[in-house]
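Participant: Input query.txt, format and content: compact mmCIF, C-alpha atoms.
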```txt
# COMPACT_ATOMS: atom_id res chain seq x y z
CA MET S 3 -58.94 -170.21 -90.69
CA LYS S 4 -58.14 -166.65 -89.87
CA PRO S 5 -55.39 -165.34 -92.18
CA ARG S 6 -52.53 -163.86 -90.20
CA VAL S 7 -51.58 -160.22 -90.43
CA ILE S 8 -47.87 -160.03 -89.67
CA PRO S 9 -45.87 -156.86 -89.02
CA ILE S 10 -42.48 -157.17 -90.71
CA ILE S 11 -39.80 -155.39 -88.69
CA THR S 12 -36.63 -154.79 -90.69
CA ILE S 13 -33.52 -153.90 -88.73
CA SER S 14 -29.97 -152.83 -89.52
CA GLU S 15 -27.13 -152.19 -87.03
CA GLY S 16 -29.54 -152.87 -84.18
CA ARG S 17 -32.11 -150.26 -85.19
CA VAL S 18 -35.48 -150.54 -86.89
CA VAL S 19 -35.31 -149.21 -90.45
CA LYS S 20 -37.65 -149.25 -93.42
CA THR S 21 -36.61 -149.42 -97.05
CA ILE S 22 -38.25 -148.60 -100.35
CA ASN S 23 -37.54 -151.25 -103.02
CA PHE S 24 -35.00 -152.68 -100.55
CA ARG S 25 -32.97 -149.42 -100.75
CA ASP S 26 -32.39 -146.30 -98.66
CA PRO S 27 -33.06 -147.62 -95.16
CA LYS S 28 -34.81 -144.94 -93.14
CA TYR S 29 -34.63 -144.94 -89.34
CA VAL S 30 -37.90 -145.88 -87.65
CA GLY S 31 -37.07 -146.55 -84.01
CA ASP S 32 -35.85 -148.81 -81.26
CA VAL S 33 -36.09 -152.56 -81.85
CA ILE S 34 -37.30 -153.69 -78.41
CA ASN S 35 -39.84 -150.91 -78.22
CA THR S 36 -41.21 -151.72 -81.69
CA VAL S 37 -41.54 -155.44 -80.89
CA LYS S 38 -43.26 -154.65 -77.58
CA ILE S 39 -45.76 -152.31 -79.25
CA PHE S 40 -46.76 -154.88 -81.88
CA SER S 41 -46.99 -157.65 -79.27
CA ASP S 42 -49.12 -155.49 -76.95
CA LEU S 43 -51.37 -154.54 -79.87
CA GLY S 44 -52.06 -158.25 -80.34
CA ALA S 45 -50.24 -158.86 -83.62
CA ASP S 46 -50.99 -162.35 -84.99
CA GLU S 47 -47.28 -162.96 -85.28
CA ILE S 48 -44.13 -160.85 -85.73
CA ILE S 49 -41.27 -161.32 -88.18
CA ILE S 50 -38.02 -159.49 -87.55
CA LEU S 51 -35.31 -159.45 -90.19
CA ASP S 52 -31.78 -158.10 -90.05
CA ILE S 53 -31.58 -156.86 -93.64
CA THR S 54 -27.85 -156.10 -93.67
CA ALA S 55 -26.59 -159.17 -91.81
CA THR S 56 -25.90 -161.38 -94.85
CA LEU S 57 -24.22 -158.62 -96.86
CA GLY S 58 -22.10 -157.59 -93.89
CA LYS S 59 -21.27 -161.26 -93.24
CA LYS S 60 -22.81 -160.88 -89.81
CA VAL S 61 -25.49 -162.78 -87.96
CA PHE S 62 -28.59 -161.73 -86.07
CA ASP S 63 -27.52 -160.29 -82.71
CA LEU S 64 -28.44 -162.90 -80.09
CA ARG S 65 -28.05 -160.49 -77.16
CA LEU S 66 -30.62 -158.19 -78.69
CA LEU S 67 -32.85 -161.20 -79.34
CA GLU S 68 -32.62 -162.35 -75.71
CA LYS S 69 -33.82 -158.92 -74.61
CA LEU S 70 -36.68 -158.58 -77.03
CA VAL S 71 -38.23 -162.04 -76.60
CA ARG S 72 -39.18 -161.09 -73.05
CA PHE S 73 -41.55 -158.49 -74.45
CA CYS S 74 -43.06 -160.69 -77.11
CA SER S 75 -46.10 -162.78 -76.19
CA VAL S 76 -46.96 -163.65 -79.77
CA PRO S 77 -45.14 -165.97 -82.21
CA LEU S 78 -41.86 -164.57 -83.43
CA GLY S 79 -39.91 -165.34 -86.60
CA VAL S 80 -36.30 -164.21 -86.99
CA GLY S 81 -34.12 -163.90 -90.08
CA GLY S 82 -30.87 -162.44 -91.33
CA GLY S 83 -27.51 -164.06 -91.91
CA ILE S 84 -28.48 -167.47 -90.57
CA SER S 85 -25.85 -169.68 -92.15
CA GLN S 86 -25.21 -172.24 -89.43
CA SER S 87 -27.49 -174.89 -88.08
CA ALA S 88 -26.33 -174.53 -84.47
CA TYR S 89 -26.99 -170.82 -84.62
CA ALA S 90 -30.53 -171.36 -85.89
CA GLN S 91 -31.21 -173.80 -83.05
CA LYS S 92 -29.93 -171.23 -80.58
CA ILE S 93 -32.37 -168.65 -81.95
CA ILE S 94 -35.30 -171.03 -81.40
CA SER S 95 -34.20 -171.97 -77.88
CA ILE S 96 -33.87 -168.31 -76.88
CA GLY S 97 -37.60 -168.03 -77.46
CA CYS S 98 -38.55 -167.77 -81.12
CA GLU S 99 -40.90 -169.99 -83.05
CA LYS S 100 -39.47 -169.68 -86.54
CA ILE S 101 -36.37 -168.84 -88.44
CA VAL S 102 -36.44 -167.20 -91.85
CA ILE S 103 -33.73 -168.16 -94.32
CA ASN S 104 -33.28 -166.57 -97.70
CA SER S 105 -29.75 -166.26 -99.16
CA ASN S 106 -28.64 -169.52 -97.61
CA THR S 107 -31.39 -171.43 -99.42
CA PHE S 108 -29.06 -171.04 -102.43
CA SER S 109 -25.67 -171.51 -100.84
CA ASN S 110 -26.57 -174.08 -98.20
CA PRO S 111 -29.87 -175.87 -98.88
CA GLU S 112 -28.61 -178.91 -96.92
CA MET S 113 -28.76 -176.77 -93.78
CA LEU S 114 -32.50 -176.23 -94.22
CA THR S 115 -33.09 -179.96 -94.62
CA GLU S 116 -31.05 -180.62 -91.52
CA LEU S 117 -32.85 -177.92 -89.55
CA SER S 118 -36.28 -179.19 -90.48
CA SER S 119 -35.24 -182.65 -89.27
CA ILE S 120 -34.26 -181.15 -85.92
CA LEU S 121 -36.70 -178.29 -85.39
CA GLY S 122 -39.59 -179.60 -87.47
CA THR S 123 -40.67 -178.10 -90.79
CA GLN S 124 -43.09 -175.68 -89.13
CA ALA S 125 -40.14 -173.75 -87.67
CA ILE S 126 -38.38 -173.22 -91.00
CA VAL S 127 -39.52 -170.37 -93.24
CA GLY S 128 -37.95 -170.04 -96.68
CA GLY S 129 -37.73 -166.44 -97.87
CA ILE S 130 -38.21 -165.46 -101.52
CA ASP S 131 -37.34 -161.87 -102.46
CA TYR S 132 -38.48 -161.51 -106.05
CA ILE S 133 -38.61 -158.95 -108.83
CA LYS S 134 -41.98 -159.31 -110.47
CA SER S 135 -41.24 -157.45 -113.72
CA ILE S 136 -38.55 -159.97 -114.68
CA ASN S 137 -40.07 -162.92 -112.74
CA ARG S 138 -36.82 -163.69 -110.94
CA VAL S 139 -35.78 -164.49 -107.39
CA THR S 140 -32.93 -162.63 -105.67
CA SER S 141 -30.65 -163.18 -102.69
CA HIS S 142 -28.43 -161.01 -100.48
CA GLY S 143 -31.10 -158.40 -99.91
CA GLY S 144 -32.00 -158.16 -103.58
CA LYS S 145 -28.39 -157.66 -104.68
CA ILE S 146 -27.97 -160.95 -106.56
CA ILE S 147 -30.53 -161.92 -109.20
CA ARG S 148 -30.84 -165.68 -109.33
CA ASP S 149 -31.68 -167.94 -112.22
CA ALA S 150 -35.03 -169.01 -110.75
CA THR S 151 -38.64 -167.89 -110.80
CA PRO S 152 -40.60 -167.52 -107.55
CA VAL S 153 -42.67 -170.60 -108.44
CA ASN S 154 -39.64 -172.75 -109.23
CA HIS S 155 -37.78 -171.62 -106.16
CA GLY S 156 -40.88 -172.14 -104.02
CA LYS S 157 -41.11 -175.73 -105.22
CA PHE S 158 -37.44 -176.19 -104.42
CA LEU S 159 -37.91 -174.75 -100.92
CA GLU S 160 -40.76 -177.11 -100.20
CA LYS S 161 -38.65 -180.03 -101.39
CA ILE S 162 -35.75 -179.18 -99.08
CA GLY S 163 -38.07 -179.04 -96.08
CA VAL S 164 -39.37 -175.54 -95.38
CA GLY S 165 -42.74 -175.38 -93.65
CA GLU S 166 -43.71 -171.95 -94.91
CA ILE S 167 -42.74 -169.52 -97.66
CA PHE S 168 -42.27 -165.79 -97.14
CA LEU S 169 -42.77 -164.02 -100.48
CA ASN S 170 -41.47 -160.49 -100.70
CA ASN S 171 -42.10 -158.34 -103.76
CA ILE S 172 -39.09 -156.01 -104.03
CA GLU S 173 -40.68 -153.61 -106.53
CA ALA S 174 -43.61 -153.01 -104.16
CA ASP S 175 -41.53 -152.83 -100.95
CA GLY S 176 -42.19 -149.61 -99.06
CA THR S 177 -44.29 -148.12 -101.86
CA ARG S 178 -47.64 -148.76 -100.17
CA LYS S 179 -49.05 -149.61 -103.58
CA GLY S 180 -49.00 -152.45 -106.05
CA PHE S 181 -49.53 -155.55 -103.92
CA ASP S 182 -48.92 -158.48 -106.27
CA PHE S 183 -51.90 -160.82 -106.24
CA GLU S 184 -50.62 -162.99 -109.05
CA THR S 185 -47.38 -164.51 -107.75
CA PRO S 186 -48.81 -165.79 -104.45
CA ARG S 187 -51.71 -167.34 -106.34
CA LEU S 188 -49.39 -169.08 -108.83
CA LEU S 189 -47.20 -170.33 -106.02
CA SER S 190 -50.12 -171.58 -103.95
CA ASN S 191 -51.19 -173.70 -106.92
CA THR S 192 -47.83 -175.46 -106.84
CA VAL S 193 -46.92 -175.85 -103.18
CA GLU S 194 -48.72 -177.28 -100.19
CA VAL S 195 -47.05 -175.17 -97.49
CA PRO S 196 -48.56 -171.89 -96.25
CA ILE S 197 -47.54 -168.64 -97.92
CA ILE S 198 -46.92 -165.23 -96.35
CA ALA S 199 -47.05 -162.51 -99.01
CA CYS S 200 -45.52 -159.10 -98.45
CA GLY S 201 -44.95 -155.83 -100.27
CA GLY S 202 -47.11 -152.89 -101.24
CA ILE S 203 -49.83 -152.83 -98.58
CA GLY S 204 -51.17 -149.27 -98.40
CA SER S 205 -54.36 -149.41 -96.38
CA GLN S 206 -56.47 -151.43 -93.99
CA ASN S 207 -58.76 -152.06 -96.93
CA ASP S 208 -55.87 -153.71 -98.81
CA ILE S 209 -55.38 -156.04 -95.86
CA THR S 210 -59.06 -156.94 -95.75
CA GLU S 211 -59.10 -157.65 -99.49
CA ILE S 212 -55.96 -159.78 -99.35
CA CYS S 213 -57.30 -161.71 -96.36
CA LYS S 214 -60.27 -162.76 -98.46
CA LEU S 215 -57.93 -164.67 -100.78
CA LYS S 216 -58.10 -168.37 -100.18
CA SER S 217 -54.59 -168.87 -101.50
CA LEU S 218 -52.84 -166.89 -98.78
CA SER S 219 -52.43 -167.87 -95.18
CA ALA S 220 -50.74 -164.65 -94.12
CA VAL S 221 -49.93 -161.13 -95.22
CA GLY S 222 -46.76 -159.30 -94.21
CA VAL S 223 -47.00 -155.57 -93.57
CA GLY S 224 -44.08 -153.15 -93.26
CA SER S 225 -44.39 -149.42 -94.04
CA PHE S 226 -48.14 -149.22 -93.57
CA PHE S 227 -47.82 -150.30 -89.92
CA MET S 228 -44.73 -148.15 -89.35
CA PHE S 229 -45.66 -144.75 -90.72
CA HIS S 230 -48.40 -142.19 -90.84
CA GLU S 231 -50.17 -141.74 -94.18
CA ASP S 232 -47.47 -139.41 -95.50
CA ASN S 233 -44.96 -142.30 -95.27
CA THR S 234 -42.47 -140.07 -93.41
CA ASN S 235 -43.67 -139.63 -89.85
CA VAL S 236 -43.35 -142.70 -87.66
CA ALA S 237 -46.69 -143.86 -86.22
CA ILE S 238 -46.55 -147.54 -85.27
CA HIS S 239 -49.99 -149.10 -85.33
CA TYR S 240 -51.63 -152.46 -85.92
CA GLU S 241 -55.04 -153.73 -86.76
CA ASN S 242 -56.14 -157.29 -87.20
CA ASN S 243 -58.14 -158.34 -90.19
CA PRO S 244 -61.82 -158.74 -89.40
CA GLU S 245 -62.96 -162.24 -88.50
CA LEU S 246 -63.73 -164.32 -91.53
CA MET Y 25 -39.77 -177.36 -58.42
CA ASN Y 26 -41.22 -176.67 -61.86
CA ILE Y 27 -39.18 -178.03 -64.73
CA VAL Y 28 -39.27 -177.60 -68.49
CA ILE Y 29 -37.63 -180.71 -69.94
CA ASP Y 30 -34.65 -179.88 -72.10
CA TYR Y 31 -34.37 -182.13 -75.13
CA GLY Y 32 -32.05 -179.92 -77.07
CA VAL Y 33 -34.71 -178.33 -79.25
CA GLY Y 34 -37.81 -176.30 -78.75
CA ASN Y 35 -38.74 -172.70 -78.12
CA VAL Y 36 -37.92 -173.20 -74.46
CA GLY Y 37 -37.23 -169.49 -73.91
CA SER Y 38 -40.79 -168.68 -74.98
CA VAL Y 39 -42.22 -171.25 -72.57
CA ILE Y 40 -40.19 -170.05 -69.59
CA ASN Y 41 -40.97 -166.39 -70.40
CA ALA Y 42 -44.70 -167.15 -70.61
CA PHE Y 43 -44.72 -168.80 -67.16
CA ASP Y 44 -42.68 -165.87 -65.91
CA ARG Y 45 -45.38 -163.44 -67.12
CA ILE Y 46 -47.96 -165.25 -64.95
CA ASP Y 47 -45.50 -165.38 -62.01
CA PHE Y 48 -44.54 -169.03 -62.02
CA GLU Y 49 -40.91 -169.95 -62.09
CA PHE Y 50 -39.85 -172.81 -64.35
CA ILE Y 51 -36.32 -173.95 -64.99
CA LEU Y 52 -34.96 -175.71 -68.03
CA SER Y 53 -33.19 -178.98 -67.29
CA ASN Y 54 -32.25 -182.45 -68.47
CA ASP Y 55 -30.52 -183.24 -65.17
CA ILE Y 56 -31.88 -186.44 -63.60
CA SER Y 57 -31.18 -185.28 -60.04
CA LEU Y 58 -33.19 -182.09 -60.61
CA ILE Y 59 -36.02 -183.87 -62.41
CA LYS Y 60 -36.25 -186.21 -59.38
CA LYS Y 61 -37.28 -183.19 -57.29
CA ALA Y 62 -39.79 -181.87 -59.83
CA THR Y 63 -43.37 -181.21 -58.78
CA ARG Y 64 -44.54 -180.11 -62.23
CA LEU Y 65 -43.18 -180.93 -65.69
CA VAL Y 66 -43.50 -179.33 -69.09
CA PHE Y 67 -42.54 -180.92 -72.42
CA PRO Y 68 -42.04 -177.96 -74.78
CA GLY Y 69 -43.00 -177.92 -78.46
CA VAL Y 70 -41.28 -176.86 -81.70
CA GLY Y 71 -39.10 -179.68 -82.92
CA ASN Y 72 -38.84 -182.93 -84.77
CA PHE Y 73 -40.11 -186.11 -83.11
CA ASP Y 74 -37.11 -188.33 -83.95
CA PHE Y 75 -34.60 -185.80 -82.74
CA ALA Y 76 -36.42 -185.13 -79.46
CA ILE Y 77 -37.11 -188.76 -78.56
CA HIS Y 78 -33.51 -189.63 -79.35
CA GLU Y 79 -32.28 -186.84 -77.03
CA LEU Y 80 -34.53 -188.05 -74.19
CA ARG Y 81 -33.21 -191.60 -74.53
CA LYS Y 82 -29.61 -190.49 -74.97
CA ASN Y 83 -29.83 -188.52 -71.72
CA ARG Y 84 -31.40 -191.55 -69.99
CA LEU Y 85 -34.45 -189.61 -68.92
CA VAL Y 86 -37.11 -192.19 -69.76
CA SER Y 87 -37.11 -194.11 -66.46
CA ILE Y 88 -37.11 -190.99 -64.26
CA LEU Y 89 -39.93 -189.53 -66.38
CA ASP Y 90 -41.85 -192.78 -65.97
CA GLU Y 91 -41.33 -192.59 -62.19
CA LYS Y 92 -42.51 -188.96 -62.00
CA ILE Y 93 -45.42 -189.24 -64.42
CA ASN Y 94 -46.77 -192.76 -63.87
CA ASN Y 95 -45.93 -193.37 -60.20
CA GLU Y 96 -45.77 -189.97 -58.52
CA LYS Y 97 -48.37 -188.64 -60.97
CA ILE Y 98 -47.10 -185.07 -60.94
CA PRO Y 99 -48.93 -182.61 -63.23
CA THR Y 100 -47.32 -182.80 -66.66
CA LEU Y 101 -48.00 -180.59 -69.67
CA GLY Y 102 -47.00 -181.54 -73.21
CA ILE Y 103 -47.09 -178.73 -75.74
CA CYS Y 104 -47.43 -179.62 -79.44
CA LEU Y 105 -44.45 -181.92 -80.12
CA GLY Y 106 -44.19 -182.30 -76.32
CA MET Y 107 -47.67 -183.82 -76.31
CA HIS Y 108 -46.81 -186.08 -79.27
CA LEU Y 109 -43.79 -187.41 -77.36
CA LEU Y 110 -46.08 -188.57 -74.54
CA ALA Y 111 -48.12 -190.70 -76.96
CA SER Y 112 -47.46 -194.29 -78.08
CA SER Y 113 -46.43 -193.32 -81.59
CA SER Y 114 -46.45 -190.57 -84.16
CA ALA Y 115 -46.77 -190.74 -87.94
CA GLU Y 116 -43.81 -188.34 -87.94
CA SER Y 117 -41.44 -191.09 -86.78
CA ASN Y 118 -40.62 -194.78 -86.89
CA TYR Y 119 -39.48 -194.64 -83.28
CA PRO Y 120 -42.07 -195.20 -80.56
CA GLY Y 121 -43.13 -192.38 -78.25
CA LEU Y 122 -42.89 -192.47 -74.46
CA GLY Y 123 -46.25 -194.22 -74.30
CA PHE Y 124 -47.58 -192.42 -71.22
CA LEU Y 125 -50.64 -191.71 -73.30
CA ASN Y 126 -52.08 -194.67 -75.15
CA TYR Y 127 -52.79 -192.90 -78.44
CA ASP Y 128 -51.22 -192.54 -81.86
CA ILE Y 129 -50.49 -189.18 -83.44
CA LYS Y 130 -51.54 -188.84 -87.08
CA ARG Y 131 -50.58 -186.53 -89.91
CA LEU Y 132 -53.06 -183.82 -90.90
CA LYS Y 133 -54.58 -184.57 -94.28
CA SER Y 134 -53.79 -181.96 -96.86
CA ALA Y 135 -57.15 -181.14 -98.37
CA ARG Y 136 -57.96 -178.70 -101.14
CA GLY Y 137 -57.25 -175.16 -100.06
CA LEU Y 138 -55.72 -176.27 -96.76
CA SER Y 139 -51.98 -176.05 -96.50
CA VAL Y 140 -49.95 -178.23 -94.16
CA PRO Y 141 -48.38 -177.36 -91.74
CA HIS Y 142 -51.45 -175.81 -90.11
CA ILE Y 143 -49.99 -172.49 -89.00
CA GLY Y 144 -51.84 -169.62 -87.40
CA TRP Y 145 -54.64 -168.62 -85.06
CA ASP Y 146 -57.55 -170.99 -84.97
CA TYR Y 147 -60.42 -171.78 -82.66
CA GLY Y 148 -60.36 -174.26 -79.85
CA THR Y 149 -63.88 -175.10 -78.67
CA VAL Y 150 -64.47 -176.35 -75.16
CA ALA Y 151 -65.72 -179.94 -75.38
CA PHE Y 152 -65.34 -181.08 -71.77
CA GLU Y 153 -65.31 -178.65 -68.87
CA ASN Y 154 -63.09 -179.12 -65.88
CA SER Y 155 -60.58 -177.08 -63.88
CA MET Y 156 -58.29 -176.81 -66.92
CA THR Y 157 -60.97 -174.96 -68.88
CA ASN Y 158 -61.74 -172.50 -66.05
CA ASN Y 159 -62.06 -168.90 -67.24
CA LEU Y 160 -61.88 -169.87 -70.90
CA LYS Y 161 -64.69 -168.79 -73.20
CA SER Y 162 -66.50 -171.59 -75.04
CA ARG Y 163 -64.45 -170.68 -78.13
CA GLU Y 164 -61.02 -169.13 -77.98
CA LEU Y 165 -58.36 -168.37 -80.56
CA PHE Y 166 -55.05 -170.13 -80.02
CA TYR Y 167 -51.83 -170.22 -82.00
CA PHE Y 168 -51.13 -173.47 -83.88
CA SER Y 169 -48.08 -174.58 -85.80
CA HIS Y 170 -48.11 -178.29 -86.64
CA SER Y 171 -48.43 -181.02 -89.26
CA TYR Y 172 -49.43 -183.84 -86.87
CA ALA Y 173 -52.23 -184.14 -84.33
CA LEU Y 174 -54.17 -186.33 -81.94
CA MET Y 175 -57.42 -186.99 -83.79
CA GLN Y 176 -59.55 -188.58 -81.10
CA ALA Y 177 -59.60 -189.36 -77.39
CA GLU Y 178 -62.20 -190.40 -74.82
CA TYR Y 179 -65.05 -187.90 -74.28
CA ASN Y 180 -63.93 -187.01 -70.79
CA GLU Y 181 -60.36 -186.42 -71.98
CA MET Y 182 -60.95 -183.99 -74.83
CA LEU Y 183 -60.98 -180.54 -73.21
CA LEU Y 184 -60.86 -178.55 -76.44
CA THR Y 185 -61.32 -179.60 -80.04
CA SER Y 186 -60.52 -177.83 -83.30
CA THR Y 187 -61.17 -178.33 -86.98
CA TYR Y 188 -58.72 -178.07 -89.82
CA GLY Y 189 -60.22 -180.06 -92.65
CA GLU Y 190 -60.96 -182.71 -90.02
CA ASN Y 191 -61.51 -182.56 -86.28
CA PHE Y 192 -58.60 -182.97 -83.94
CA VAL Y 193 -57.95 -182.65 -80.22
CA SER Y 194 -56.51 -179.24 -79.38
CA ALA Y 195 -56.26 -179.87 -75.62
CA PHE Y 196 -56.73 -182.96 -73.49
CA GLN Y 197 -56.35 -184.10 -69.93
CA LYS Y 198 -56.00 -187.64 -68.73
CA GLY Y 199 -55.35 -187.69 -65.01
CA ASN Y 200 -52.13 -185.81 -64.37
CA LEU Y 201 -51.32 -185.56 -68.08
CA VAL Y 202 -52.33 -182.41 -69.94
CA GLY Y 203 -51.55 -181.81 -73.59
CA THR Y 204 -52.12 -179.00 -76.05
CA GLN Y 205 -51.79 -178.99 -79.80
CA PHE Y 206 -51.68 -175.18 -79.76
CA HIS Y 207 -48.89 -173.15 -78.23
CA PRO Y 208 -50.28 -171.64 -75.01
CA GLU Y 209 -46.98 -169.81 -74.51
CA LYS Y 210 -47.69 -167.83 -77.69
CA SER Y 211 -51.46 -167.57 -77.51
CA SER Y 212 -51.75 -164.26 -75.67
CA ALA Y 213 -54.42 -164.04 -72.96
CA ALA Y 214 -56.22 -167.35 -73.60
CA GLY Y 215 -52.89 -169.16 -73.56
CA GLU Y 216 -51.94 -167.57 -70.26
CA ILE Y 217 -55.26 -168.64 -68.71
CA PHE Y 218 -54.56 -172.21 -69.77
CA LEU Y 219 -51.04 -172.12 -68.31
CA GLN Y 220 -52.42 -170.64 -65.08
CA ASN Y 221 -54.95 -173.46 -64.83
CA PHE Y 222 -52.15 -175.96 -65.28
CA CYS Y 223 -50.09 -174.31 -62.53
CA ARG Y 224 -53.10 -174.51 -60.21
CA ILE Y 225 -53.55 -178.28 -60.49
CA GLN Y 226 -53.17 -179.53 -56.92
CA THR Y 227 -50.32 -181.89 -56.29
```
Let me see the structure of the file written as structure tokens.

Facilitator:
Amino acid sequence: MKPRVIPIITISEGRVVKTINFRDPKYVGDVINTVKIFSDLGADEIIILDITATLGKKVFDLRLLEKLVRFCSVPLGVGGGISQSAYAQKIISIGCEKIVINSNTFSNPEMLTELSSILGTQAIVGGIDYIKSINRVTSHGGKIIRDATPVNHGKFLEKIGVGEIFLNNIEADGTRKGFDFETPRLLSNTVEVPIIACGGIGSQNDITEICKLKSLSAVGVGSFFMFHEDNTNVAIHYENNPEL
Amino acid sequence: MNIVIDYGVGNVGSVINAFDRIDFEFILSNDISLIKKATRLVFPGVGNFDFAIHELRKNRLVSILDEKINNEKIPTLGICLGMHLLASSSAESNYPGLGFLNYDIKRLKSARGLSVPHIGWDYGTVAFENSMTNNLKSRELFYFSHSYALMQAEYNEMLLTSTYGENFVSAFQKGNLVGTQFHPEKSSAAGEIFLQNFCRIQT
């Protein structure tokens, strides 16, 4: 099957931003416009994450979501501050295919089990933000380092009912270098669910190489699709991986 | 009146928006009096079988659906879970399905190197041509997101087939019943062609 190439749109306060190592959010552009561009360019799927929602004890803005789904003709995953089951169901009914839950996999794993029994496992994505150098998982946008490795937490996520795992390498985030091949491979040896790996993509060639990996079903791309080569000027673009 | 059946779950917004993009108006409802007037029905996907079938029964929709689908024979589209609900049973649940389609839904086998759920863009190959396959190429990429599937149907019912470890039916038509394992509402141009073909079925 064709591995998916997924633009990861990170937002804060209703605007698209991009971080480096999950810090220093830099303004990229308008949310609806960014979603529309990726959808029109034929992105395999889009994931949009409110990266300050959990820390600010807020939730993803449903009014914004209602507007942007009209411009999105490809599958859409949404994450950020989803701590209530009813709220997650609302997100799906507005017109999204998946919800991404990270911090609440620690504080409220029962919610994920409940959601997968209502929405089906394929709609529930468990997020893992990890620090490779210390082999630990984090929550709250990388602010809390948890006593779990990506592999252990991945196993736990599968057990509580997620249908997919979104692996994000914090040390590679926004750097456009250092994609971690090892952690996704280790995880794919332990879990049955598909894995989206993200962090450190710097070129189309990187994407092609990663897509050749049997262990990955999708690759998430942030900065590389958002900026020009210099990593400062905004130039939203998208290219599919070649047919395999 | 075109109606998307509301069973409390599902990416109904995506389905209604997709029909809107091809200029067909669908409304979301679980109201028996509205469903009575329906001329076209859609069972949306994304959801758990138990939960959805329970909602349909709780809202007492089964007999009106039977009237519309089996007696009036209005064109009806089941997407993913929506298609599974039309079948006799699904391995996802101990509860029976609606039984409008005399098949059982099975779980995808998890083979080496193949993760389940099957999520992503995969090929549907035309296996039986009719008005529902109009304007589709012999192989098209569609978006899938599922752990269960219809593995086999009669030759003249399997419109499109796909392979994920094993073969399964990615689109079928049996009389007024059309079903897709993929999500046409999220399958870009090919998906829109399929939805258009469904909207053109004469009533």

Participant: Based on all atoms listed in the file, which of the residues in chain S come within 10 Å of chain Y? I want them as a PyMOL selection string.

Facilitator: chain S and resi 3-7+41-42+44-47+68+71-78+91-100+117-125+164-166+190-191+193-197+216-220

Participant: Report, in Å with one decimal, the straight-line distance from CA of Asn191 (chain Y) to CA of Phe152 (chain Y).

Facilitator: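 Rounded to one decimal, the two atoms are 15.1 Å apart.
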
Participant: I'd like the contact shell of Asn158 (chain Y) - 12 Å cut-off, all atoms listed in the file, skipping same-chain residues fewer than 5 positions apart - returned as an NGL selection string.

Facilitator: :Y and (150 or 152-153 or 183 or 214 or 216-222 or 224-225)

Participant: Select, from Y:Phe50, Y:Phe196, Y:Tyr172, Y:Tyr119, the residue with the minimum atom-to-atom distance to Gly102 (chain Y), counting all atoms listed in the file.

Facilitator: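 Of Y:Phe50, Y:Phe196, Y:Tyr172, Y:Tyr119, the one nearest Gly102 (chain Y) is Y:Phe196, counting all atoms listed in the file.
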
Participant: I'd like the neighbourhood of region 24-26 of chain S as a VMD selection string, where a residue qualifies if any of its atoms comes within 12 Å (using all atoms listed in the file), though same-chain residues fewer than 4 positions away should be ignored.

Facilitator: chain S and resid 12 to 14 19 to 20 53 to 54 131 to 133 140 to 145 170 to 177 201 224 to 225

Participant: Just to confirm, what's the straight-line distance from CA of Arg17 (chain S) to CA of Arg65 (chain S) in Å (one decimal)?

Facilitator: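 So the two atoms, CA of Arg17 (chain S) and CA of Arg65 (chain S), lie 13.6 Å apart.
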